[in-house]
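Trainee: Input structure: work32.pdb, which contains PDB, C-alpha atoms, pLDDT in the B column.
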```
ATOM      1  CA  MET I 782     -21.289  20.785   6.823  1.00 40.00           C
ATOM      2  CA  SER I 783     -21.856  18.587   3.781  1.00 41.00           C
ATOM      3  CA  ASP I 784     -20.104  18.858   0.434  1.00 46.00           C
ATOM      4  CA  ILE I 785     -23.415  19.660  -1.220  1.00 40.00           C
ATOM      5  CA  THR I 786     -23.836  22.650   1.097  1.00 41.00           C
ATOM      6  CA  ASN I 787     -20.376  23.816  -0.001  1.00 44.00           C
ATOM      7  CA  ALA I 788     -21.091  23.367  -3.715  1.00 45.00           C
ATOM      8  CA  PRO I 789     -20.370  26.421  -5.873  1.00 46.00           C
ATOM      9  CA  HIS I 790     -23.461  28.578  -6.340  1.00 47.00           C
ATOM     10  CA  ASN I 791     -23.242  28.503 -10.139  1.00 48.00           C
ATOM     11  CA  ILE I 792     -23.880  24.730 -10.433  1.00 49.00           C
ATOM     12  CA  SER I 793     -26.722  22.559  -9.220  1.00 52.00           C
ATOM     13  CA  ALA I 794     -26.378  19.985  -6.439  1.00 50.00           C
ATOM     14  CA  ILE I 795     -26.855  17.173  -8.992  1.00 46.00           C
ATOM     15  CA  ASP I 796     -24.104  18.547 -11.231  1.00 54.00           C
ATOM     16  CA  PHE I 797     -21.851  18.924  -8.196  1.00 46.00           C
ATOM     17  CA  LEU I 798     -22.393  15.299  -7.124  1.00 46.00           C
ATOM     18  CA  ARG I 799     -21.848  14.136 -10.705  1.00 53.00           C
ATOM     19  CA  THR I 800     -18.532  16.005 -10.775  1.00 52.00           C
ATOM     20  CA  ARG I 801     -17.479  14.538  -7.433  1.00 60.00           C
ATOM     21  CA  SER I 802     -18.364  11.025  -8.593  1.00 80.00           C
ATOM     22  CA  LEU I 803     -16.346  11.524 -11.788  1.00 86.00           C
ATOM     23  CA  ALA I 804     -13.415  12.854  -9.775  1.00 86.00           C
ATOM     24  CA  ASN I 805     -13.442   9.677  -7.690  1.00 88.00           C
ATOM     25  CA  VAL I 806     -13.215   7.551 -10.845  1.00 89.00           C
ATOM     26  CA  VAL I 807     -10.420   9.738 -12.204  1.00 91.00           C
ATOM     27  CA  GLN I 808      -8.611   9.544  -8.867  1.00 90.00           C
ATOM     28  CA  ALA I 809      -8.694   5.740  -8.920  1.00 86.00           C
ATOM     29  CA  GLU I 810      -7.308   5.692 -12.473  1.00 89.00           C
ATOM     30  CA  ILE I 811      -4.498   8.144 -11.737  1.00 90.00           C
ATOM     31  CA  GLU I 812      -3.606   6.162  -8.608  1.00 83.00           C
ATOM     32  CA  ARG I 813      -3.446   2.999 -10.739  1.00 81.00           C
ATOM     33  CA  MET I 814      -1.181   4.773 -13.242  1.00 86.00           C
ATOM     34  CA  ILE I 815       1.150   5.824 -10.437  1.00 81.00           C
ATOM     35  CA  ILE I 816       1.284   2.329  -8.958  1.00 69.00           C
ATOM     36  CA  ASP I 817       1.832   0.713 -12.371  1.00 69.00           C
ATOM     37  CA  GLY I 818       4.643   3.150 -13.169  1.00 72.00           C
ATOM     38  CA  GLU I 819       2.857   4.840 -16.058  1.00 84.00           C
ATOM     39  CA  LEU I 820       3.298   8.086 -14.135  1.00 86.00           C
ATOM     40  CA  LYS I 821       6.806   8.204 -12.687  1.00 82.00           C
ATOM     41  CA  PRO I 822       8.260   9.920  -9.592  1.00 81.00           C
ATOM     42  CA  ASN I 823       9.010  13.621 -10.129  1.00 86.00           C
ATOM     43  CA  GLU I 824       6.993  13.619 -13.372  1.00 92.00           C
ATOM     44  CA  ARG I 825       4.680  16.589 -13.885  1.00 94.00           C
ATOM     45  CA  VAL I 826       1.030  15.642 -14.279  1.00 95.00           C
ATOM     46  CA  ASN I 827      -0.017  16.651 -17.781  1.00 95.00           C
ATOM     47  CA  GLU I 828      -3.580  17.793 -17.169  1.00 94.00           C
ATOM     48  CA  ASN I 829      -4.336  18.291 -20.860  1.00 94.00           C
ATOM     49  CA  GLY I 830      -2.918  14.902 -21.754  1.00 95.00           C
ATOM     50  CA  LEU I 831      -4.901  13.152 -19.020  1.00 94.00           C
ATOM     51  CA  SER I 832      -8.005  15.065 -20.020  1.00 93.00           C
ATOM     52  CA  GLN I 833      -7.761  13.667 -23.550  1.00 93.00           C
ATOM     53  CA  LEU I 834      -6.751  10.188 -22.389  1.00 93.00           C
ATOM     54  CA  LEU I 835      -9.568   9.829 -19.866  1.00 91.00           C
ATOM     55  CA  GLY I 836     -12.159  11.797 -21.803  1.00 91.00           C
ATOM     56  CA  VAL I 837     -12.924  14.241 -19.006  1.00 92.00           C
ATOM     57  CA  SER I 838     -12.454  17.935 -18.391  1.00 91.00           C
ATOM     58  CA  ARG I 839      -9.538  19.274 -16.366  1.00 92.00           C
ATOM     59  CA  GLY I 840     -11.783  19.999 -13.368  1.00 91.00           C
ATOM     60  CA  PRO I 841     -12.144  16.375 -12.173  1.00 91.00           C
ATOM     61  CA  ILE I 842      -8.446  15.801 -12.875  1.00 94.00           C
ATOM     62  CA  ARG I 843      -7.442  18.714 -10.657  1.00 94.00           C
ATOM     63  CA  GLU I 844      -9.809  17.551  -7.920  1.00 92.00           C
ATOM     64  CA  ALA I 845      -8.450  14.008  -8.154  1.00 93.00           C
ATOM     65  CA  CYS I 846      -4.863  15.265  -8.000  1.00 94.00           C
ATOM     66  CA  SER I 847      -5.658  17.368  -4.937  1.00 93.00           C
ATOM     67  CA  ALA I 848      -7.086  14.285  -3.224  1.00 90.00           C
ATOM     68  CA  LEU I 849      -4.020  12.250  -4.168  1.00 89.00           C
ATOM     69  CA  ALA I 850      -1.815  15.029  -2.802  1.00 89.00           C
ATOM     70  CA  ALA I 851      -3.600  14.674   0.536  1.00 84.00           C
ATOM     71  CA  MET I 852      -2.800  10.947   0.376  1.00 76.00           C
ATOM     72  CA  GLY I 853       0.884  11.643  -0.225  1.00 74.00           C
ATOM     73  CA  LEU I 854       1.071  10.322  -3.798  1.00 81.00           C
ATOM     74  CA  ILE I 855       1.206  13.714  -5.520  1.00 90.00           C
ATOM     75  CA  GLU I 856       3.004  16.914  -4.626  1.00 91.00           C
ATOM     76  CA  ILE I 857       1.619  20.373  -5.385  1.00 94.00           C
ATOM     77  CA  ILE I 858       4.319  22.870  -6.389  1.00 94.00           C
ATOM     78  CA  PRO I 859       2.985  26.448  -6.449  1.00 94.00           C
ATOM     79  CA  ASN I 860       2.933  28.051  -9.910  1.00 91.00           C
ATOM     80  CA  ARG I 861       4.146  24.797 -11.475  1.00 94.00           C
ATOM     81  CA  GLY I 862       1.355  22.284 -10.949  1.00 95.00           C
ATOM     82  CA  PHE I 863       1.000  18.687  -9.789  1.00 96.00           C
ATOM     83  CA  PHE I 864       3.982  16.333  -9.651  1.00 94.00           C
ATOM     84  CA  ILE I 865       4.210  12.640  -8.825  1.00 89.00           C
ATOM     85  CA  ARG I 866       5.807  12.483  -5.421  1.00 84.00           C
ATOM     86  CA  ALA I 867       9.213  10.852  -5.103  1.00 79.00           C
ATOM     87  CA  LEU I 868      10.171   9.602  -1.668  1.00 75.00           C
ATOM     88  CA  SER I 869      13.760  10.087  -0.612  1.00 76.00           C
ATOM     89  CA  ASN I 870      15.603   7.052   0.752  1.00 75.00           C
ATOM     90  CA  ASP I 871      15.325   8.433   4.273  1.00 82.00           C
ATOM     91  CA  GLU I 872      11.589   9.110   3.890  1.00 82.00           C
ATOM     92  CA  ALA I 873      10.946   5.611   2.523  1.00 80.00           C
ATOM     93  CA  LEU I 874      12.976   4.032   5.319  1.00 84.00           C
ATOM     94  CA  ASP I 875      11.198   6.066   7.998  1.00 88.00           C
ATOM     95  CA  LEU I 876       7.802   5.149   6.582  1.00 87.00           C
ATOM     96  CA  SER I 877       8.677   1.470   6.200  1.00 87.00           C
ATOM     97  CA  GLU I 878      10.020   1.189   9.731  1.00 92.00           C
ATOM     98  CA  ALA I 879       6.960   2.952  11.128  1.00 94.00           C
ATOM     99  CA  ARG I 880       4.670   0.721   9.070  1.00 93.00           C
ATOM    100  CA  ALA I 881       6.559  -2.367  10.251  1.00 95.00           C
ATOM    101  CA  GLY I 882       6.112  -1.341  13.872  1.00 96.00           C
ATOM    102  CA  VAL I 883       2.392  -0.656  13.535  1.00 97.00           C
ATOM    103  CA  PHE I 884       1.737  -3.831  11.521  1.00 97.00           C
ATOM    104  CA  GLY I 885       3.663  -5.921  14.029  1.00 98.00           C
ATOM    105  CA  CYS I 886       1.731  -4.340  16.883  1.00 98.00           C
ATOM    106  CA  MET I 887      -1.610  -5.135  15.258  1.00 98.00           C
ATOM    107  CA  ALA I 888      -0.546  -8.734  14.605  1.00 98.00           C
ATOM    108  CA  MET I 889       0.443  -9.055  18.249  1.00 98.00           C
ATOM    109  CA  MET I 890      -2.948  -7.717  19.362  1.00 98.00           C
ATOM    110  CA  LEU I 891      -4.776  -9.977  16.936  1.00 98.00           C
ATOM    111  CA  ALA I 892      -2.975 -13.089  18.209  1.00 98.00           C
ATOM    112  CA  GLU I 893      -4.628 -12.539  21.574  1.00 97.00           C
ATOM    113  CA  ARG I 894      -8.162 -12.500  20.177  1.00 97.00           C
ATOM    114  CA  ILE I 895      -8.226 -14.146  16.739  1.00 98.00           C
ATOM    115  CA  THR I 896     -11.072 -16.568  16.011  1.00 98.00           C
ATOM    116  CA  ASP I 897     -11.081 -19.743  13.952  1.00 98.00           C
ATOM    117  CA  ALA I 898     -13.321 -18.001  11.406  1.00 98.00           C
ATOM    118  CA  GLN I 899     -10.793 -15.184  10.995  1.00 98.00           C
ATOM    119  CA  ILE I 900      -7.962 -17.680  10.559  1.00 98.00           C
ATOM    120  CA  ALA I 901     -10.015 -19.369   7.826  1.00 98.00           C
ATOM    121  CA  ILE I 902     -10.327 -16.033   5.989  1.00 98.00           C
ATOM    122  CA  LEU I 903      -6.577 -15.462   6.103  1.00 98.00           C
ATOM    123  CA  ARG I 904      -5.880 -19.060   5.028  1.00 98.00           C
ATOM    124  CA  ALA I 905      -8.211 -18.634   2.044  1.00 97.00           C
ATOM    125  CA  LEU I 906      -6.313 -15.514   0.970  1.00 97.00           C
ATOM    126  CA  LEU I 907      -3.036 -17.420   1.368  1.00 97.00           C
ATOM    127  CA  GLN I 908      -4.335 -20.163  -0.886  1.00 96.00           C
ATOM    128  CA  ARG I 909      -5.488 -17.655  -3.476  1.00 96.00           C
ATOM    129  CA  MET I 910      -2.065 -16.004  -3.487  1.00 94.00           C
ATOM    130  CA  ASP I 911      -0.380 -19.410  -3.808  1.00 94.00           C
ATOM    131  CA  GLU I 912      -2.421 -19.981  -6.969  1.00 94.00           C
ATOM    132  CA  ILE I 913      -1.394 -16.578  -8.317  1.00 92.00           C
ATOM    133  CA  VAL I 914       2.276 -17.187  -7.490  1.00 90.00           C
ATOM    134  CA  ALA I 915       2.186 -20.098  -9.944  1.00 88.00           C
ATOM    135  CA  LEU I 916       1.113 -17.598 -12.618  1.00 87.00           C
ATOM    136  CA  GLY I 917       3.799 -15.122 -11.622  1.00 83.00           C
ATOM    137  CA  ASP I 918       1.487 -12.164 -12.273  1.00 80.00           C
ATOM    138  CA  VAL I 919       2.066  -9.229  -9.915  1.00 77.00           C
ATOM    139  CA  HIS I 920      -0.966  -7.390 -11.353  1.00 76.00           C
ATOM    140  CA  ILE I 921      -3.204 -10.152  -9.975  1.00 84.00           C
ATOM    141  CA  TYR I 922      -1.175 -10.841  -6.829  1.00 85.00           C
ATOM    142  CA  TYR I 923      -0.898  -7.262  -5.591  1.00 80.00           C
ATOM    143  CA  PRO I 924      -4.623  -6.586  -4.938  1.00 83.00           C
ATOM    144  CA  VAL I 925      -4.969  -9.887  -3.042  1.00 91.00           C
ATOM    145  CA  ASN I 926      -1.839  -9.006  -1.090  1.00 90.00           C
ATOM    146  CA  LEU I 927      -3.442  -5.685  -0.180  1.00 87.00           C
ATOM    147  CA  GLU I 928      -6.609  -7.503   0.907  1.00 93.00           C
ATOM    148  CA  PHE I 929      -4.601  -9.844   3.166  1.00 96.00           C
ATOM    149  CA  HIS I 930      -2.999  -6.892   4.946  1.00 95.00           C
ATOM    150  CA  LYS I 931      -6.316  -5.058   5.120  1.00 93.00           C
ATOM    151  CA  GLN I 932      -8.109  -8.032   6.645  1.00 96.00           C
ATOM    152  CA  LEU I 933      -5.431  -8.455   9.294  1.00 97.00           C
ATOM    153  CA  THR I 934      -5.594  -4.786  10.261  1.00 96.00           C
ATOM    154  CA  LEU I 935      -9.400  -4.879  10.467  1.00 96.00           C
ATOM    155  CA  MET I 936      -9.349  -8.064  12.532  1.00 98.00           C
ATOM    156  CA  ALA I 937      -6.980  -6.442  15.032  1.00 97.00           C
ATOM    157  CA  GLY I 938      -9.922  -4.262  16.035  1.00 95.00           C
ATOM    158  CA  ASN I 939      -8.128  -0.961  16.646  1.00 96.00           C
ATOM    159  CA  ASN I 940      -9.473   1.718  14.313  1.00 95.00           C
ATOM    160  CA  ARG I 941      -6.849   4.312  15.220  1.00 96.00           C
ATOM    161  CA  LEU I 942      -3.959   1.981  14.412  1.00 96.00           C
ATOM    162  CA  ALA I 943      -5.709   0.875  11.214  1.00 94.00           C
ATOM    163  CA  LEU I 944      -5.993   4.496  10.044  1.00 92.00           C
ATOM    164  CA  ILE I 945      -2.335   5.162  10.792  1.00 93.00           C
ATOM    165  CA  TYR I 946      -1.332   1.988   8.971  1.00 92.00           C
ATOM    166  CA  GLN I 947      -3.399   2.849   5.893  1.00 86.00           C
ATOM    167  CA  SER I 948      -1.759   6.275   5.695  1.00 83.00           C
ATOM    168  CA  PHE I 949       1.621   4.539   5.476  1.00 85.00           C
ATOM    169  CA  VAL I 950       0.267   2.106   2.885  1.00 82.00           C
ATOM    170  CA  ARG I 951      -0.867   4.909   0.581  1.00 75.00           C
ATOM    171  CA  GLU I 952       2.499   6.663   0.656  1.00 75.00           C
ATOM    172  CA  LEU I 953       4.411   3.427   0.061  1.00 77.00           C
ATOM    173  CA  HIS I 954       2.192   2.040  -2.718  1.00 65.00           C
ATOM    174  CA  ILE I 955       4.787   2.471  -5.460  1.00 62.00           C
ATOM    175  CA  GLN I 956       7.624   0.873  -3.516  1.00 61.00           C
ATOM    176  CA  ARG I 957       5.459  -2.054  -2.422  1.00 60.00           C
ATOM    177  CA  TYR I 958       4.181  -2.760  -5.915  1.00 55.00           C
ATOM    178  CA  ARG I 959       7.596  -2.653  -7.525  1.00 56.00           C
ATOM    179  CA  ALA I 960       9.079  -4.853  -4.787  1.00 55.00           C
ATOM    180  CA  LEU I 961       6.861  -7.690  -6.080  1.00 56.00           C
ATOM    181  CA  SER I 962       8.475  -7.904  -9.484  1.00 54.00           C
ATOM    182  CA  SER I 963       9.276 -11.586 -10.014  1.00 56.00           C
ATOM    183  CA  ARG I 964       7.787 -15.019  -9.439  1.00 61.00           C
ATOM    184  CA  ASP I 965      10.442 -15.852  -6.833  1.00 69.00           C
ATOM    185  CA  VAL I 966       9.667 -12.658  -4.930  1.00 83.00           C
ATOM    186  CA  LEU I 967       5.945 -13.438  -4.938  1.00 87.00           C
ATOM    187  CA  HIS I 968       6.723 -16.853  -3.469  1.00 88.00           C
ATOM    188  CA  ILE I 969       8.881 -15.347  -0.709  1.00 90.00           C
ATOM    189  CA  SER I 970       6.238 -12.735   0.058  1.00 90.00           C
ATOM    190  CA  ASN I 971       3.542 -15.338   0.529  1.00 93.00           C
ATOM    191  CA  GLU I 972       5.784 -17.580   2.640  1.00 95.00           C
ATOM    192  CA  GLU I 973       6.154 -14.599   4.958  1.00 96.00           C
ATOM    193  CA  HIS I 974       2.366 -14.211   4.973  1.00 97.00           C
ATOM    194  CA  ARG I 975       2.116 -17.886   5.923  1.00 98.00           C
ATOM    195  CA  ALA I 976       4.551 -17.387   8.809  1.00 98.00           C
ATOM    196  CA  ILE I 977       2.292 -14.612  10.105  1.00 98.00           C
ATOM    197  CA  VAL I 978      -0.841 -16.743   9.894  1.00 98.00           C
ATOM    198  CA  ASP I 979       0.910 -19.720  11.521  1.00 98.00           C
ATOM    199  CA  ALA I 980       1.925 -17.490  14.419  1.00 98.00           C
ATOM    200  CA  LEU I 981      -1.596 -16.083  14.713  1.00 98.00           C
ATOM    201  CA  GLU I 982      -3.099 -19.567  14.679  1.00 98.00           C
ATOM    202  CA  ALA I 983      -0.707 -20.538  17.476  1.00 98.00           C
ATOM    203  CA  ARG I 984      -2.082 -17.533  19.410  1.00 98.00           C
ATOM    204  CA  ASP I 985       1.514 -16.438  20.020  1.00 98.00           C
ATOM    205  CA  PRO I 986       1.687 -12.623  20.314  1.00 98.00           C
ATOM    206  CA  VAL I 987       5.492 -12.307  20.260  1.00 98.00           C
ATOM    207  CA  ARG I 988       5.905 -14.663  17.315  1.00 98.00           C
ATOM    208  CA  SER I 989       3.119 -12.831  15.459  1.00 98.00           C
ATOM    209  CA  LEU I 990       4.756  -9.456  16.065  1.00 98.00           C
ATOM    210  CA  THR I 991       8.124 -10.780  14.872  1.00 98.00           C
ATOM    211  CA  ALA I 992       6.735 -12.371  11.697  1.00 98.00           C
ATOM    212  CA  ALA I 993       4.612  -9.349  10.755  1.00 98.00           C
ATOM    213  CA  ARG I 994       7.376  -6.820  11.404  1.00 96.00           C
ATOM    214  CA  ALA I 995       9.937  -8.904   9.488  1.00 96.00           C
ATOM    215  CA  HIS I 996       7.607  -9.143   6.487  1.00 94.00           C
ATOM    216  CA  ILE I 997       7.405  -5.359   6.171  1.00 91.00           C
ATOM    217  CA  LEU I 998      11.125  -4.771   6.704  1.00 89.00           C
ATOM    218  CA  ASN I 999      12.019  -7.418   4.130  1.00 88.00           C
ATOM    219  CA  GLY I1000      10.005  -5.432   1.596  1.00 82.00           C
ATOM    220  CA  ILE I1001      12.708  -2.759   1.667  1.00 74.00           C
ATOM    221  CA  VAL I1002      15.242  -5.313   0.476  1.00 74.00           C
ATOM    222  CA  ARG I1003      12.866  -6.550  -2.212  1.00 75.00           C
ATOM    223  CA  THR I1004      12.537  -2.989  -3.491  1.00 68.00           C
ATOM    224  CA  ARG I1005      16.317  -2.827  -3.875  1.00 65.00           C
ATOM    225  CA  GLN I1006      16.360  -6.167  -5.649  1.00 63.00           C
ATOM    226  CA  ALA I1007      13.718  -4.882  -8.052  1.00 59.00           C
ATOM    227  CA  GLY I1008      16.402  -2.546  -9.388  1.00 52.00           C
ATOM    228  CA  GLN I1009      14.898   0.815  -8.497  1.00 48.00           C
ATOM    229  CA  PRO I1010      17.370   3.722  -8.794  1.00 42.00           C
ATOM    230  CA  GLY I1011      18.643   4.945  -5.444  1.00 43.00           C
ATOM    231  CA  ASP I1012      17.233   2.029  -3.472  1.00 45.00           C
ATOM    232  CA  THR I1013      20.562   0.269  -2.825  1.00 44.00           C
ATOM    233  CA  GLU I1014      21.436   2.699  -0.050  1.00 47.00           C
ATOM    234  CA  LEU I1015      17.982   2.241   1.463  1.00 46.00           C
ATOM    235  CA  ALA I1016      18.251  -1.527   1.492  1.00 44.00           C
ATOM    236  CA  GLU I1017      21.765  -1.516   2.928  1.00 51.00           C
ATOM    237  CA  LYS I1018      20.427   0.314   5.960  1.00 50.00           C
ATOM    238  CA  THR I1019      17.910  -2.478   6.554  1.00 48.00           C
ATOM    239  CA  PRO I1020      19.316  -6.037   6.448  1.00 49.00           C
ATOM    240  CA  ARG I1021      16.908  -8.820   5.629  1.00 52.00           C
ATOM    241  CA  VAL I1022      15.051 -10.264   8.615  1.00 56.00           C
ATOM    242  CA  ILE I1023      14.248 -13.957   8.382  1.00 53.00           C
ATOM    243  CA  PRO I1024      11.995 -15.109  11.246  1.00 55.00           C
ATOM    244  CA  THR I1025      12.295 -18.739  12.274  1.00 42.00           C
ATOM    245  CA  GLY I1026       8.606 -18.935  13.029  1.00 47.00           C
ATOM    246  CA  LYS I1027       9.425 -20.207  16.508  1.00 44.00           C
ATOM    247  CA  GLU I1028      11.348 -17.494  18.300  1.00 41.00           C
ATOM    248  CA  PRO I1029      11.801 -13.703  18.181  1.00 37.00           C
ATOM    249  CA  VAL I1030      14.358 -12.225  15.806  1.00 36.00           C
ATOM    250  CA  ASP I1031      17.182 -10.264  17.398  1.00 35.00           C
ATOM    251  CA  ASP I1032      16.613  -6.770  16.009  1.00 35.00           C
ATOM    252  CA  THR I1033      19.709  -5.243  17.543  1.00 30.00           C
TER
END
```
What does this structure look like when you write it as structure tokens?
Mentor:
Amino acid sequence: MSDITNAPHNISAIDFLRTRSLANVVQAEIERMIIDGELKPNERVNENGLSQLLGVSRGPIREACSALAAMGLIEIIPNRGFFIRALSNDEALDLSEARAGVFGCMAMMLAERITDAQIAILRALLQRMDEIVALGDVHIYYPVNLEFHKQLTLMAGNNRLALIYQSFVRELHIQRYRALSSRDVLHISNEEHRAIVDALEARDPVRSLTAARAHILNGIVRTRQAGQPGDTELAEKTPRVIPTGKEPVDDT
């Protein structure tokens, strides 16, 4: 049954669609504020404040927050309201390890079927990120980084794995963004991207799995190095993995 069919009886279908469209815009802005750190973990969402800031009523804000709660970025506490979700160290580690496994699996699958045209797309994104690294601007780098990961997951050709991976990505947005906090870190991140593409171009499934998995696991360490409270314990549980680009890393 469509959303329009479920629209409240006291508003028209056009008004309902207009509200939904506005909620989508509000959702994107609140998500950006969470990622940028303007809304911090455990902070209560001030609906009145956001209403004035964004120039909208509280309705679209509540709808946007409900959608973000379904994505794992916001927590709904009964009788208290919406709160920015804070992942515990164990939750973040579990999610990161699961994401690393799925991403590595997709890279392995892609190595067996990747085309020259797909390699060219990934190389172009690498080059773009190299240019951004020179600027040292995480606000520009991060969306291209997301696109690189998205393209790889789409190229792997397994929709179920891609959906699972994206669910992890949404929950780990804040940690991933903050892990890319310096020019040196951006450089390291893109060198790891390059190791993945080199392995894919070699059509080496094991090397591709190793490089992709290591890239995700190393992000945990980068989060610690970004100086986030409570992340030292998380990083100590996951030592940095540095793939050689030629042979599997011993993960024991």
Trainee: Enclose all atoms of segment 980-993 of chain I listed in the file in an axis-aligned box, grow every side by 3 Å, and hand back centre and edge lengths in Å to one decimal, as lines of an AutoDock Vina configuration file.
Mentor:
```
center_x = 2.5
center_y = -14.9
center_z = 15.5
size_x = 17.2
size_y = 17.2
size_z = 15.6
```
Trainee: With only C-alpha atoms as the atoms that count, which of I:Asn939, I:Leu907, I:Gly853, I:Val919 lies nearest to Glu872 of chain I?
Mentor: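 The answer is I:Gly853, which sits nearest to Glu872 of chain I.
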Trainee: Please tell me which residues are no farther than 10 Å from (0.9, 13.3, -15.1) in the file, counting only C-alpha atoms, and write them as a ChimeraX atom specification.
Mentor: /I:811,814-815,819-831,842,846,855,862-865
Trainee: Output C-alpha atoms of each residue in that selection to a file, as a tab-separated table (two decimals), in the coordinates of the input.
Mentor:
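Writing the result to part19.tsv gives the following:
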```tsv
chain	number	residue	atom	x	y	z
I	811	ILE	CA	-4.50	8.14	-11.74
I	814	MET	CA	-1.18	4.77	-13.24
I	815	ILE	CA	1.15	5.82	-10.44
I	819	GLU	CA	2.86	4.84	-16.06
I	820	LEU	CA	3.30	8.09	-14.14
I	821	LYS	CA	6.81	8.20	-12.69
I	822	PRO	CA	8.26	9.92	-9.59
I	823	ASN	CA	9.01	13.62	-10.13
I	824	GLU	CA	6.99	13.62	-13.37
I	825	ARG	CA	4.68	16.59	-13.88
I	826	VAL	CA	1.03	15.64	-14.28
I	827	ASN	CA	-0.02	16.65	-17.78
I	828	GLU	CA	-3.58	17.79	-17.17
I	829	ASN	CA	-4.34	18.29	-20.86
I	830	GLY	CA	-2.92	14.90	-21.75
I	831	LEU	CA	-4.90	13.15	-19.02
I	842	ILE	CA	-8.45	15.80	-12.88
I	846	CYS	CA	-4.86	15.26	-8.00
I	855	ILE	CA	1.21	13.71	-5.52
I	862	GLY	CA	1.36	22.28	-10.95
I	863	PHE	CA	1.00	18.69	-9.79
I	864	PHE	CA	3.98	16.33	-9.65
I	865	ILE	CA	4.21	12.64	-8.82
```
Trainee: Considering all atoms listed in the file, can you say which of I:Arg904, I:His974, I:Arg951, I:Arg880 comes closest to Asn926 of chain I?
Mentor: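 So, comparing all the options, the nearest one is I:His974.
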Trainee: Counting only C-alpha atoms, which residues have an atom no more than 10 Å from (-6.8, -1.6, 4.4) in the file's coordinates? Please list them as a list of chain:residue names.
Mentor: I:Leu927, I:Glu928, I:Phe929, I:His930, I:Lys931, I:Gln932, I:Leu933, I:Thr934, I:Leu935, I:Ala943, I:Leu944, I:Tyr946, I:Gln947, I:Ser948, I:Val950, I:Arg951
Trainee: Any idea what the distance is between atom CA of Leu854 of chain I and atom CA of Ala881 of chain I?
Mentor: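 Distance reported for this atom pair: 19.7 Å.
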Trainee: Looking at all atoms listed in the file, which of I:Leu849, I:Val883, I:Ala888, I:Leu916 is the one that sits closest to Phe949 of chain I?
Mentor: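 So, comparing all the options, the nearest one is I:Val883.
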Trainee: For each of I:Ala905, I:Glu893, I:Ala845, I:Asp918, take the minimum atom-to-atom distance to Val987 of chain I, counting only C-alpha atoms, then give the residue where this is smallest.
Mentor: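 For Val987 of chain I, the nearest of the candidates is I:Glu893.
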Trainee: So what do you get for atom CA of Val925 of chain I versus atom CA of Arg909 of chain I, distance-wise?
Mentor: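 Distance between the two atoms: 7.8 Å.
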Trainee: Check which residues satisfy the PyMOL selection byres ((chain I and resi 910) around 9) in the file shown, then give them as number ranges by chain.
Mentor: I: 905-909, 911-915, 921-922, 925-926, 967-968, 971
Trainee: Rounded to one decimal in Å, what is the spacing between atom CA of Leu868 of chain I and atom CA of Gly1000 of chain I?
Mentor: 15.4 Å
Trainee: Selection in question (the file shown): the PyMOL selection byres ((chain I and resi 879) around 10). Which residues does it include, as a count of residues only?
Mentor: 18
